[in-house]
Structures are given as structure tokens and as C-alpha cells.
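The data block below is query.pdb; it holds PDB, C-alpha atoms and all ligand atoms.
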```
MODEL        1
ATOM      1  CA  MET E1430       9.543 -74.122 171.565
ATOM      2  CA  THR E1431       7.600 -77.007 173.113
ATOM      3  CA  LYS E1432       4.573 -78.418 171.345
ATOM      4  CA  ALA E1433       2.289 -77.095 174.111
ATOM      5  CA  LYS E1434       3.827 -73.601 173.898
ATOM      6  CA  SER E1435       3.446 -73.395 170.088
ATOM      7  CA  LEU E1436      -0.186 -74.599 170.351
ATOM      8  CA  LYS E1437      -0.835 -71.895 172.963
ATOM      9  CA  LYS E1438       0.737 -69.290 170.654
ATOM     10  CA  PHE E1439      -1.397 -70.539 167.737
ATOM     11  CA  ILE E1440      -4.587 -70.328 169.812
ATOM     12  CA  LEU E1441      -3.688 -66.797 170.984
ATOM     13  CA  LEU E1442      -2.968 -65.662 167.416
ATOM     14  CA  SER E1443      -6.269 -67.157 166.196
ATOM     15  CA  ALA E1444      -8.142 -65.382 168.962
ATOM     16  CA  VAL E1445      -6.547 -62.033 168.056
ATOM     17  CA  LEU E1446      -7.292 -62.557 164.348
ATOM     18  CA  SER E1447     -10.916 -63.522 165.108
ATOM     19  CA  ALA E1448     -11.312 -60.419 167.251
ATOM     20  CA  ILE E1449      -9.945 -58.211 164.445
ATOM     21  CA  LEU E1450     -12.263 -59.880 161.919
ATOM     22  CA  LEU E1451     -15.237 -59.387 164.231
ATOM     23  CA  VAL E1452     -14.448 -55.671 164.608
ATOM     24  CA  LEU E1453     -14.063 -55.321 160.813
ATOM     25  CA  CYS E1454     -17.390 -57.075 160.219
ATOM     26  CA  ALA E1455     -19.078 -54.908 162.822
ATOM     27  CA  CYS E1456     -17.745 -51.846 160.997
ATOM     28  CA  THR E1457     -18.921 -52.886 157.553
ATOM     29  CA  LEU E1458     -22.310 -54.385 158.405
ATOM     30  CA  PRO E1459     -24.766 -51.683 159.397
ATOM     31  CA  PHE E1460     -27.253 -52.499 162.112
ATOM     32  CA  GLY E1461     -30.814 -53.122 161.083
ATOM     33  CA  LYS E1462     -32.163 -54.072 157.686
ATOM     34  CA  GLN E1463     -29.727 -54.510 154.828
ATOM     35  CA  PRO E1464     -30.869 -52.911 151.552
ATOM     36  CA  GLU E1465     -32.298 -55.412 149.089
ATOM     37  CA  PRO E1466     -29.938 -56.145 146.195
ATOM     38  CA  VAL E1467     -30.882 -54.121 143.122
ATOM     39  CA  ASN E1468     -31.441 -56.193 140.049
ATOM     40  CA  LEU E1469     -31.420 -53.792 137.103
ATOM     41  CA  PRO E1470     -30.256 -54.479 133.549
ATOM     42  CA  GLU E1471     -26.909 -53.172 132.333
ATOM     43  CA  GLY E1472     -27.207 -49.525 131.199
ATOM     44  CA  SER E1473     -30.564 -49.008 132.929
ATOM     45  CA  TYR E1474     -31.445 -45.447 133.984
ATOM     46  CA  PHE E1475     -34.289 -43.558 135.636
ATOM     47  CA  GLU E1476     -34.913 -39.801 135.604
ATOM     48  CA  VAL E1477     -37.714 -37.504 136.717
ATOM     49  CA  HIS E1478     -37.732 -34.014 135.220
ATOM     50  CA  PHE E1479     -39.921 -31.762 137.375
ATOM     51  CA  LEU E1480     -40.502 -29.100 134.735
ATOM     52  CA  ASP E1481     -40.806 -25.460 135.676
ATOM     53  CA  VAL E1482     -44.211 -24.636 134.192
ATOM     54  CA  GLY E1483     -44.951 -21.742 136.550
ATOM     55  CA  GLN E1484     -48.195 -22.233 138.529
ATOM     56  CA  GLY E1485     -48.916 -25.786 137.358
ATOM     57  CA  ASP E1486     -47.520 -29.295 137.320
ATOM     58  CA  ALA E1487     -45.518 -31.277 134.772
ATOM     59  CA  SER E1488     -43.292 -34.290 135.460
ATOM     60  CA  LEU E1489     -41.486 -36.155 132.708
ATOM     61  CA  ILE E1490     -40.240 -39.599 133.682
ATOM     62  CA  LEU E1491     -37.691 -41.415 131.542
ATOM     63  CA  CYS E1492     -36.623 -44.998 132.104
ATOM     64  CA  ASP E1493     -34.640 -47.260 129.773
ATOM     65  CA  GLY E1494     -35.830 -45.527 126.600
ATOM     66  CA  GLU E1495     -39.490 -45.215 127.642
ATOM     67  CA  ALA E1496     -41.248 -41.991 128.644
ATOM     68  CA  MET E1497     -44.202 -40.986 130.815
ATOM     69  CA  LEU E1498     -45.562 -37.461 131.093
ATOM     70  CA  ILE E1499     -47.645 -36.699 134.174
ATOM     71  CA  ASP E1500     -49.401 -33.341 133.594
ATOM     72  CA  GLY E1501     -48.210 -30.547 131.312
ATOM     73  CA  GLY E1502     -48.885 -27.197 132.991
ATOM     74  CA  ASN E1503     -51.235 -24.548 131.537
ATOM     75  CA  SER E1504     -51.994 -24.143 127.827
ATOM     76  CA  GLU E1505     -49.430 -21.308 127.707
ATOM     77  CA  GLU E1506     -46.777 -23.927 128.512
ATOM     78  CA  SER E1507     -47.597 -26.004 125.408
ATOM     79  CA  SER E1508     -44.675 -24.645 123.409
ATOM     80  CA  PHE E1509     -42.291 -25.186 126.357
ATOM     81  CA  ILE E1510     -43.453 -28.815 126.685
ATOM     82  CA  TYR E1511     -43.132 -29.241 122.914
ATOM     83  CA  SER E1512     -39.556 -27.949 122.850
ATOM     84  CA  TYR E1513     -38.542 -29.870 125.998
ATOM     85  CA  LEU E1514     -39.601 -33.123 124.336
ATOM     86  CA  GLU E1515     -37.933 -32.045 121.107
ATOM     87  CA  ASN E1516     -34.659 -31.176 122.890
ATOM     88  CA  HIS E1517     -34.674 -34.594 124.535
ATOM     89  CA  ASN E1518     -35.657 -36.308 121.303
ATOM     90  CA  ILE E1519     -38.780 -37.848 122.825
ATOM     91  CA  THR E1520     -41.121 -38.547 119.938
ATOM     92  CA  HIS E1521     -43.045 -41.243 121.737
ATOM     93  CA  LEU E1522     -44.666 -41.322 125.174
ATOM     94  CA  LYS E1523     -45.698 -44.672 126.578
ATOM     95  CA  TYR E1524     -48.036 -42.822 128.950
ATOM     96  CA  ILE E1525     -49.569 -39.371 128.861
ATOM     97  CA  ILE E1526     -51.387 -38.675 132.109
ATOM     98  CA  GLY E1527     -53.552 -35.794 133.257
ATOM     99  CA  THR E1528     -53.932 -36.271 137.015
ATOM    100  CA  HIS E1529     -57.243 -34.359 136.844
ATOM    101  CA  PRO E1530     -58.883 -31.994 134.340
ATOM    102  CA  ASP E1531     -57.704 -28.647 135.823
ATOM    103  CA  ALA E1532     -56.157 -26.362 133.224
ATOM    104  CA  ASP E1533     -52.835 -26.028 135.096
ATOM    105  CA  HIS E1534     -52.363 -29.798 134.664
ATOM    106  CA  ILE E1535     -53.769 -30.746 131.265
ATOM    107  CA  GLY E1536     -53.358 -27.457 129.320
ATOM    108  CA  GLY E1537     -49.800 -28.144 128.131
ATOM    109  CA  LEU E1538     -50.472 -31.799 127.294
ATOM    110  CA  SER E1539     -51.723 -30.618 123.883
ATOM    111  CA  GLY E1540     -48.201 -29.317 123.197
ATOM    112  CA  ALA E1541     -46.798 -32.739 124.073
ATOM    113  CA  LEU E1542     -49.236 -34.448 121.695
ATOM    114  CA  ASN E1543     -48.288 -31.974 118.980
ATOM    115  CA  TYR E1544     -44.730 -33.340 119.068
ATOM    116  CA  ALA E1545     -45.012 -36.899 120.353
ATOM    117  CA  ASP E1546     -47.513 -39.699 119.982
ATOM    118  CA  ALA E1547     -48.547 -41.847 122.919
ATOM    119  CA  ASP E1548     -49.697 -45.382 123.676
ATOM    120  CA  ILE E1549     -51.830 -44.845 126.745
ATOM    121  CA  ALA E1550     -53.704 -41.740 127.937
ATOM    122  CA  TYR E1551     -55.113 -41.550 131.463
ATOM    123  CA  CYS E1552     -57.097 -38.898 133.291
ATOM    124  CA  SER E1553     -59.403 -39.005 136.310
ATOM    125  CA  GLU E1554     -62.335 -37.844 134.110
ATOM    126  CA  GLU E1555     -63.364 -38.970 130.652
ATOM    127  CA  GLU E1556     -65.488 -35.894 129.921
ATOM    128  CA  TYR E1557     -65.149 -32.395 131.331
ATOM    129  CA  ASP E1558     -66.831 -29.222 130.197
ATOM    130  CA  THR E1559     -63.926 -26.841 129.598
ATOM    131  CA  ALA E1560     -62.223 -25.584 126.457
ATOM    132  CA  THR E1561     -58.865 -26.871 127.790
ATOM    133  CA  PHE E1562     -60.261 -30.378 128.204
ATOM    134  CA  TYR E1563     -61.841 -30.335 124.721
ATOM    135  CA  ASN E1564     -58.492 -29.287 123.313
ATOM    136  CA  PHE E1565     -56.700 -32.127 125.138
ATOM    137  CA  LYS E1566     -59.244 -34.596 123.721
ATOM    138  CA  LYS E1567     -58.901 -33.076 120.262
ATOM    139  CA  TYR E1568     -55.151 -33.720 120.237
ATOM    140  CA  LEU E1569     -55.685 -37.229 121.617
ATOM    141  CA  GLY E1570     -58.163 -37.782 118.766
ATOM    142  CA  LYS E1571     -55.662 -36.556 116.164
ATOM    143  CA  ASN E1572     -53.252 -39.206 117.454
ATOM    144  CA  GLU E1573     -56.041 -41.815 117.627
ATOM    145  CA  ILE E1574     -55.577 -42.286 121.350
ATOM    146  CA  THR E1575     -58.566 -43.129 123.565
ATOM    147  CA  LEU E1576     -58.661 -41.451 126.943
ATOM    148  CA  GLN E1577     -59.097 -43.942 129.784
ATOM    149  CA  VAL E1578     -60.022 -43.483 133.435
ATOM    150  CA  PRO E1579     -57.864 -45.982 135.335
ATOM    151  CA  LYS E1580     -59.117 -47.553 138.554
ATOM    152  CA  ALA E1581     -57.007 -47.599 141.704
ATOM    153  CA  GLY E1582     -54.833 -50.691 141.494
ATOM    154  CA  THR E1583     -54.053 -50.270 137.770
ATOM    155  CA  GLU E1584     -50.453 -51.341 137.194
ATOM    156  CA  LEU E1585     -47.896 -49.492 135.085
ATOM    157  CA  THR E1586     -44.483 -50.378 133.680
ATOM    158  CA  LEU E1587     -41.878 -48.001 132.300
ATOM    159  CA  GLY E1588     -38.585 -49.656 131.333
ATOM    160  CA  SER E1589     -37.347 -51.371 134.497
ATOM    161  CA  ALA E1590     -39.652 -49.266 136.663
ATOM    162  CA  THR E1591     -43.022 -50.511 137.850
ATOM    163  CA  GLY E1592     -45.900 -48.532 139.234
ATOM    164  CA  LYS E1593     -49.460 -48.401 140.361
ATOM    165  CA  ILE E1594     -52.352 -45.964 140.427
ATOM    166  CA  ILE E1595     -53.162 -45.777 144.156
ATOM    167  CA  GLY E1596     -55.842 -43.085 144.136
ATOM    168  CA  PRO E1597     -58.501 -41.863 144.025
ATOM    169  CA  ILE E1598     -60.118 -44.765 145.862
ATOM    170  CA  SER E1599     -63.681 -43.450 145.790
ATOM    171  CA  THR E1600     -65.479 -43.391 142.441
ATOM    172  CA  GLU E1601     -67.503 -40.426 143.758
ATOM    173  CA  ALA E1602     -64.412 -38.247 144.284
ATOM    174  CA  GLU E1603     -64.525 -34.748 142.800
ATOM    175  CA  GLY E1604     -62.238 -31.828 142.040
ATOM    176  CA  ASN E1605     -58.755 -31.896 143.543
ATOM    177  CA  ASN E1606     -59.599 -35.030 145.513
ATOM    178  CA  ASN E1607     -60.219 -36.804 142.239
ATOM    179  CA  SER E1608     -56.530 -36.596 141.262
ATOM    180  CA  LEU E1609     -54.799 -39.710 139.979
ATOM    181  CA  MET E1610     -52.132 -40.672 142.522
ATOM    182  CA  ILE E1611     -49.270 -42.564 140.939
ATOM    183  CA  ARG E1612     -46.496 -44.438 142.737
ATOM    184  CA  LEU E1613     -43.457 -45.684 140.809
ATOM    185  CA  GLU E1614     -40.682 -47.993 141.956
ATOM    186  CA  TYR E1615     -37.232 -48.239 140.448
ATOM    187  CA  GLY E1616     -34.923 -50.662 142.227
ATOM    188  CA  ASN E1617     -35.132 -49.721 145.887
ATOM    189  CA  THR E1618     -36.187 -46.142 145.208
ATOM    190  CA  SER E1619     -39.769 -44.945 144.859
ATOM    191  CA  PHE E1620     -41.660 -41.863 143.699
ATOM    192  CA  LEU E1621     -45.148 -40.636 144.550
ATOM    193  CA  PHE E1622     -47.055 -38.168 142.363
ATOM    194  CA  THR E1623     -50.213 -36.824 143.975
ATOM    195  CA  GLY E1624     -51.639 -34.239 141.551
ATOM    196  CA  ASP E1625     -53.739 -31.778 143.549
ATOM    197  CA  ALA E1626     -54.964 -34.369 146.101
ATOM    198  CA  GLU E1627     -55.949 -32.852 149.443
ATOM    199  CA  TRP E1628     -56.376 -34.346 152.925
ATOM    200  CA  GLU E1629     -59.608 -36.151 151.981
ATOM    201  CA  GLU E1630     -58.021 -38.235 149.205
ATOM    202  CA  GLU E1631     -54.840 -38.704 151.224
ATOM    203  CA  ALA E1632     -56.899 -40.187 154.095
ATOM    204  CA  GLU E1633     -58.709 -42.548 151.713
ATOM    205  CA  VAL E1634     -55.432 -43.776 150.253
ATOM    206  CA  LEU E1635     -53.968 -44.254 153.745
ATOM    207  CA  ALA E1636     -57.025 -46.322 154.693
ATOM    208  CA  SER E1637     -56.438 -48.584 151.677
ATOM    209  CA  ASP E1638     -53.810 -51.331 151.488
ATOM    210  CA  TYR E1639     -51.731 -49.555 148.860
ATOM    211  CA  LYS E1640     -48.106 -48.958 149.627
ATOM    212  CA  VAL E1641     -47.411 -45.212 149.946
ATOM    213  CA  ARG E1642     -43.921 -45.102 151.431
ATOM    214  CA  SER E1643     -41.681 -43.358 148.888
ATOM    215  CA  THR E1644     -38.214 -41.888 148.594
ATOM    216  CA  VAL E1645     -39.455 -38.829 146.699
ATOM    217  CA  LEU E1646     -42.834 -37.097 147.109
ATOM    218  CA  LYS E1647     -44.126 -34.730 144.458
ATOM    219  CA  VAL E1648     -45.948 -32.583 147.027
ATOM    220  CA  GLY E1649     -49.710 -32.315 146.462
ATOM    221  CA  HIS E1650     -51.550 -29.234 145.174
ATOM    222  CA  HIS E1651     -48.498 -26.995 144.665
ATOM    223  CA  GLY E1652     -47.814 -26.947 148.426
ATOM    224  CA  SER E1653     -51.299 -25.833 149.516
ATOM    225  CA  LYS E1654     -52.009 -25.913 153.240
ATOM    226  CA  TYR E1655     -54.814 -28.465 152.723
ATOM    227  CA  SER E1656     -52.505 -31.043 151.172
ATOM    228  CA  SER E1657     -49.740 -33.219 152.634
ATOM    229  CA  SER E1658     -51.272 -33.735 156.077
ATOM    230  CA  ARG E1659     -48.915 -34.755 158.845
ATOM    231  CA  ASP E1660     -50.396 -38.299 158.805
ATOM    232  CA  PHE E1661     -49.803 -38.541 155.084
ATOM    233  CA  LEU E1662     -46.232 -37.241 155.331
ATOM    234  CA  GLU E1663     -45.470 -39.671 158.143
ATOM    235  CA  ALA E1664     -46.830 -42.628 156.147
ATOM    236  CA  VAL E1665     -45.076 -41.677 152.905
ATOM    237  CA  TYR E1666     -41.926 -40.886 154.929
ATOM    238  CA  PRO E1667     -40.165 -39.255 151.968
ATOM    239  CA  LYS E1668     -36.534 -38.281 152.102
ATOM    240  CA  TYR E1669     -37.139 -35.642 149.427
ATOM    241  CA  GLY E1670     -40.102 -33.463 148.461
ATOM    242  CA  VAL E1671     -40.647 -31.445 145.286
ATOM    243  CA  ILE E1672     -43.100 -28.538 145.070
ATOM    244  CA  SER E1673     -44.214 -27.256 141.679
ATOM    245  CA  ALA E1674     -45.566 -23.712 141.933
ATOM    246  CA  GLY E1675     -45.320 -20.358 140.158
ATOM    247  CA  LYS E1676     -43.305 -17.513 141.622
ATOM    248  CA  ASP E1677     -45.638 -15.116 143.498
ATOM    249  CA  ASN E1678     -48.758 -16.988 142.378
ATOM    250  CA  SER E1679     -52.088 -15.569 143.520
ATOM    251  CA  TYR E1680     -52.982 -18.758 145.475
ATOM    252  CA  GLY E1681     -50.198 -18.235 148.009
ATOM    253  CA  HIS E1682     -48.577 -21.593 147.174
ATOM    254  CA  PRO E1683     -46.550 -23.003 148.799
ATOM    255  CA  HIS E1684     -48.231 -22.154 152.097
ATOM    256  CA  PRO E1685     -46.057 -21.386 155.176
ATOM    257  CA  SER E1686     -47.809 -24.067 157.282
ATOM    258  CA  LEU E1687     -47.000 -26.726 154.665
ATOM    259  CA  LEU E1688     -43.389 -25.546 154.507
ATOM    260  CA  ASN E1689     -43.238 -25.875 158.314
ATOM    261  CA  ARG E1690     -44.555 -29.437 158.156
ATOM    262  CA  MET E1691     -41.953 -30.338 155.558
ATOM    263  CA  GLU E1692     -39.159 -28.875 157.673
ATOM    264  CA  GLN E1693     -40.393 -30.556 160.858
ATOM    265  CA  GLU E1694     -40.548 -33.931 159.097
ATOM    266  CA  ASP E1695     -36.939 -33.415 157.891
ATOM    267  CA  ILE E1696     -37.919 -33.647 154.242
ATOM    268  CA  LEU E1697     -35.288 -32.207 151.922
ATOM    269  CA  LEU E1698     -37.213 -29.835 149.721
ATOM    270  CA  PHE E1699     -36.885 -28.608 146.141
ATOM    271  CA  ARG E1700     -39.129 -25.918 144.600
ATOM    272  CA  THR E1701     -39.666 -25.032 140.969
ATOM    273  CA  ASP E1702     -40.732 -21.456 141.890
ATOM    274  CA  LEU E1703     -37.259 -20.823 143.343
ATOM    275  CA  GLN E1704     -35.068 -23.362 141.543
ATOM    276  CA  GLY E1705     -36.554 -23.765 138.068
ATOM    277  CA  THR E1706     -36.653 -27.208 136.470
ATOM    278  CA  ILE E1707     -35.490 -29.920 138.850
ATOM    279  CA  LEU E1708     -33.851 -33.132 137.679
ATOM    280  CA  CYS E1709     -33.921 -36.207 139.878
ATOM    281  CA  THR E1710     -32.015 -39.357 138.910
ATOM    282  CA  SER E1711     -31.961 -42.774 140.546
ATOM    283  CA  ASP E1712     -29.466 -45.628 140.274
ATOM    284  CA  GLY E1713     -31.957 -47.916 141.956
ATOM    285  CA  GLN E1714     -30.350 -47.459 145.351
ATOM    286  CA  THR E1715     -30.019 -43.709 145.857
ATOM    287  CA  VAL E1716     -31.486 -40.625 144.215
ATOM    288  CA  SER E1717     -29.646 -37.420 143.307
ATOM    289  CA  PHE E1718     -30.956 -33.988 142.423
ATOM    290  CA  SER E1719     -29.789 -31.125 140.261
ATOM    291  CA  VAL E1720     -31.546 -27.799 139.800
ATOM    292  CA  GLU E1721     -31.616 -25.182 137.058
ATOM    293  CA  LYS E1722     -30.784 -22.334 139.496
ATOM    294  CA  ASN E1723     -30.509 -21.324 143.191
ATOM    295  CA  LEU E1724     -29.352 -24.612 144.699
ATOM    296  CA  ASP E1725     -28.940 -22.809 148.050
ATOM    297  CA  ALA E1726     -32.404 -21.203 148.033
ATOM    298  CA  ASP E1727     -34.111 -21.042 151.426
ATOM    299  CA  VAL E1728     -36.766 -23.579 150.440
ATOM    300  CA  TYR E1729     -38.591 -23.637 153.815
ATOM    301  CA  GLU E1730     -39.106 -19.878 153.727
ATOM    302  CA  ALA E1731     -42.499 -18.633 152.517
ATOM    303  CA  THR E1732     -41.453 -16.277 149.730
ATOM    304  CA  ASN E1733     -44.834 -15.597 148.159
ATOM    305  CA  SER E1734     -45.726 -11.928 148.526
ATOM    306  CA  TYR E1735     -49.437 -12.703 147.961
ATOM    307  CA  ILE E1736     -49.666 -14.786 151.110
ATOM    308  CA  ALA E1737     -52.486 -13.710 153.392
ATOM    309  CA  ASP E1738     -54.432 -15.557 156.060
ATOM    310  CA  ASN E1739     -57.459 -16.038 153.851
ATOM    311  CA  ILE E1740     -55.486 -17.638 151.039
ATOM    312  CA  ASP E1741     -55.787 -21.423 150.795
TER     313      ASP E1741
HETATM  314 ZN    ZN E1801     -53.077 -27.635 140.210
ENDMDL
END
```
How does this structure look as C-alpha cells?
Amino acid sequence: MTKAKSLKKFILLSAVLSAILLVLCACTLPFGKQPEPVNLPEGSYFEVHFLDVGQGDASLILCDGEAMLIDGGNSEESSFIYSYLENHNITHLKYIIGTHPDADHIGGLSGALNYADADIAYCSEEEYDTATFYNFKKYLGKNEITLQVPKAGTELTLGSATGKIIGPISTEAEGNNNSLMIRLEYGNTSFLFTGDAEWEEEAEVLASDYKVRSTVLKVGHHGSKYSSSRDFLEAVYPKYGVISAGKDNSYGHPHPSLLNRMEQEDILLFRTDLQGTILCTSDGQTVSFSVEKNLDADVYEATNSYIADNID
């Protein structure tokens, strides 16, 4: 073979190899933004337990040995909350949070405080004239914990997870629209808890600079039709939604129009009224779900037999 011929062959071979490499690279590199590298310590973990407390809310978040309880269902759920913490050997909560003073959110927190102590207690009100609220404060008192009302912007840390209170924005907010909205980040995954916030609070939060986009949305107000507006859902852009509601509750939650919005926005839905307690885990990059029962339940179907047009 002449020198010129072997050089030609070498160039041809290089060109073929480069072309193959280019194709391989094109196959392995997805178009668009690459996910940020996740920097989590060895053995780190993150779990959200959406507890089935019937018509109420209770989310237990565990990260790297630290625990946060957001709401605890009604007072009747106190013993369930107590035994859930006991079964998971959680004797200490870094945070105990009542999103707002309604009984279906703070009632069961007394059960939690009967088993575990806590460092920080938050609620959207410091005083509230109901027996349930007095009871919550009584148990906080027994544990020498002072109830605080955090402002929007308050930062949280739980193990390797970080978070922020992003609502309510207005200090004049009342009722459901005075629910603490909490957004947590773990690696590249994020979680938004909205209490019973309705369109009014959602709009205020959207008008603020706080980041709302989240992988998982704990759907507001048990799936009521006045929560999770289309604007809010499009801004949060969740891949997954979780509704906490009681089977055949008298409020008609979750409402068919909300279920339609969730389906139209392609949000993969889980429901405690159909599927029991729902466990969500994150490795910092992706989240996975497991349910207590009925994995194949028709979650977009309105199953509540109490539903009527005049039900909110
Ligand atoms: Zn509620």
C-alpha cells in the first residue's frame, strides 16, 4: 500500500469512527436542559407519608433521621397518629405544623405530641377560639413548645432537604386562605403542601416571587372546586398530585371539576379516600409512589355519592 493510499484509508476510518461517536453522543445526550447533578450525602433518604386520616390532612415527612409533621387530621385520628409515629419509632419531630386552625388539620396533632416531642411548632394563628385549638396548645404547653406564626419567606431545613413557607402572603388573610403553604426541595425534586388554600391565596402566592414549581403537589382543600385553579396548576406544573379526603365525605371532596382539571393538566393523581395511606419517596432525582390499596383505582372519577351541584 502506498503512503498516500494508507493515509486515505486512515482518514476514511477516522471519519467513520467520528460519525459513529457522534450518533452515540446524540443518543445519550437528551435535547434541552440536563438535570443538575444531585449532591446528597451517602445514605440520605426522603419520604412523604400522606396519611389516611379520613376527611382531613396529615403528611409526615422524613429526611435523614429528621421528621416534620404537617397537620394531623381530626381529634379522632389522634390515636392513629400516635401509633403511626410509634410504629416508625419517631419520638422527636423537628417541626410540628398546623397549616391553619381547622379541626381536620390540627385535631390529631395532640396525639403526635402525646408520643413525640418537637423543636418547632408553627400554625397560621397563635390564638383561636375552639376546643380543638386549646387542646393543641395544651399539648404544646406540656412539651414546653411555643407556638409561632411564621411569615412568608421563613426557611426550613430537614436533613438534606430545604424548604420555605411561601404563603399566606397577606397578614390579613382569614380562614382557608390563611393556610401555611410549604415548599420543600430535596435534590432536584420538590414538594408543595397547600393546606386548605383556595384561589385567593393561590393568586397571592403566584403574584409573589416565591418559587412554586414542584414535582409533587399536595392538592389544596381536599380537592375542593375552589382550590387548585388552572393558573396555579400551570405554575406549579406538578408531575404528581395527592388528594387527602374521606370516603363519601359530606363536602363532596374531591369535586368533579377539580378532578377534570387534574386530568387535563396530565397530573398523575393519588387519593387517600380510594388508596389509603400513600408513601412517596425521592432519591433526589425521581420520586416513586406506593399505596396501601387500590393502585389501579380510577382516580379521576368522582366517586363521592354526596356530590350535588350546591356542594363546594
Ligand atoms: Zn381541611
Rounded to one decimal place, report the CA of Ile1672 in chain E-CA of Lys1647 in chain E distance in Å.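 For CA of Ile1672 in chain E relative to CA of Lys1647 in chain E, the distance reads 6.3 Å.
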CA of Glu1692 in chain E and CA of Thr1591 in chain E are how many Å apart? 29.6 Å
Evaluate the PyMOL selection byres (((chain E and resi 1650-1652) around 6) and not hetatm) and report residues as a PyMOL selection string: chain E and resi 1625+1649+1653+1672-1674+1682-1683
Residues selected by the PyMOL selection byres (((not hetatm)) within 8 of (chain E and resi 1801)), written as a VMD selection string: chain E and resid 1484 to 1486 1531 to 1534 1605 1624 to 1625 1650 to 1651
My list of candidates is E:Gly1705, E:Gly1537, E:Gly1604, E:Gly1570. Which is closest to His1478 in chain E when distances are computed with only C-alpha atoms?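 Of E:Gly1705, E:Gly1537, E:Gly1604, E:Gly1570, the one nearest His1478 in chain E is E:Gly1705, counting only C-alpha atoms.
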Evaluate the PyMOL selection byres (((chain E and resi 1690) around 10) and not hetatm) against this structure - the residues, as a compact mmCIF listing (two decimals) with C-alpha atoms, keeping the file's coordinate frame, please.
```
# COMPACT_ATOMS: atom_id res chain seq x y z
CA LYS E 1654 -52.01 -25.91 153.24
CA SER E 1657 -49.74 -33.22 152.63
CA SER E 1658 -51.27 -33.74 156.08
CA ARG E 1659 -48.92 -34.76 158.84
CA LEU E 1662 -46.23 -37.24 155.33
CA PRO E 1685 -46.06 -21.39 155.18
CA SER E 1686 -47.81 -24.07 157.28
CA LEU E 1687 -47.00 -26.73 154.66
CA LEU E 1688 -43.39 -25.55 154.51
CA ASN E 1689 -43.24 -25.88 158.31
CA MET E 1691 -41.95 -30.34 155.56
CA GLU E 1692 -39.16 -28.88 157.67
CA GLN E 1693 -40.39 -30.56 160.86
CA GLU E 1694 -40.55 -33.93 159.10
CA ASP E 1695 -36.94 -33.42 157.89
CA ILE E 1696 -37.92 -33.65 154.24
CA TYR E 1729 -38.59 -23.64 153.82
```
Please provide as a count of residues only all residues within 10 Å of Thr1586 in chain E, with the sequence filter that same-chain residues fewer than 2 positions apart are discarded (counting all atoms listed in the file). 14
Within 12 Å of Ser1711 in chain E, counting all atoms listed in the file, which residues show up once you throw out same-chain ones fewer than 2 positions away? Write them as a ChimeraX atom specification, please. /E:1467,1469,1473-1478,1490-1493,1589-1590,1613-1620,1644-1645,1708-1709,1713-1719
Can you work out the spacing between CA of Glu1603 in chain E and CA of Ile1510 in chain E in Å, to one decimal?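 Going from CA of Glu1603 in chain E over to CA of Ile1510 in chain E, I get 27.2 Å.
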E:Ser1734, E:Asn1543, E:Ala1487, E:Leu1697 ranked by distance to Tyr1511 in chain E, top pick (using all atoms listed in the file):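 Of the candidates, the smallest distance to Tyr1511 in chain E is held by E:Asn1543.
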Given only C-alpha atoms as the basis, pick out the residue of E:Ser1608, E:Ser1637, E:Thr1559, E:Ser1553 nearest to Gly1582 in chain E. E:Ser1637
Any idea what's packed within 6 Å of Gly1527 in chain E, counting only C-alpha atoms, ignoring anything in its chain fewer than 2 positions away? Could you give it as a CSV table (one decimal) with C-alpha atoms, keeping the file's coordinate frame?
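Written out: selection.csv:
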```csv
chain,number,residue,atom,x,y,z
E,1500,ASP,CA,-49.4,-33.3,133.6
E,1529,HIS,CA,-57.2,-34.4,136.8
E,1535,ILE,CA,-53.8,-30.7,131.3
E,1552,CYS,CA,-57.1,-38.9,133.3
```
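Distances here use only C-alpha atoms; by that measure, the residue among E:Ser1679, E:Asn1564, E:Thr1528, E:Ser1512 closest to Ala1626 in chain E is E:Thr1528.
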Could you tell me which of E:Ile1525, E:Ala1731, E:Ala1560, E:Leu1609 comes closest to Ile1574 in chain E if we count all atoms listed in the file? E:Ile1525
Min atom-atom distance to Ile1499 in chain E from the set E:Arg1700, E:His1684, E:Arg1612, E:Arg1642, counting only C-alpha atoms, belongs to E:Arg1612
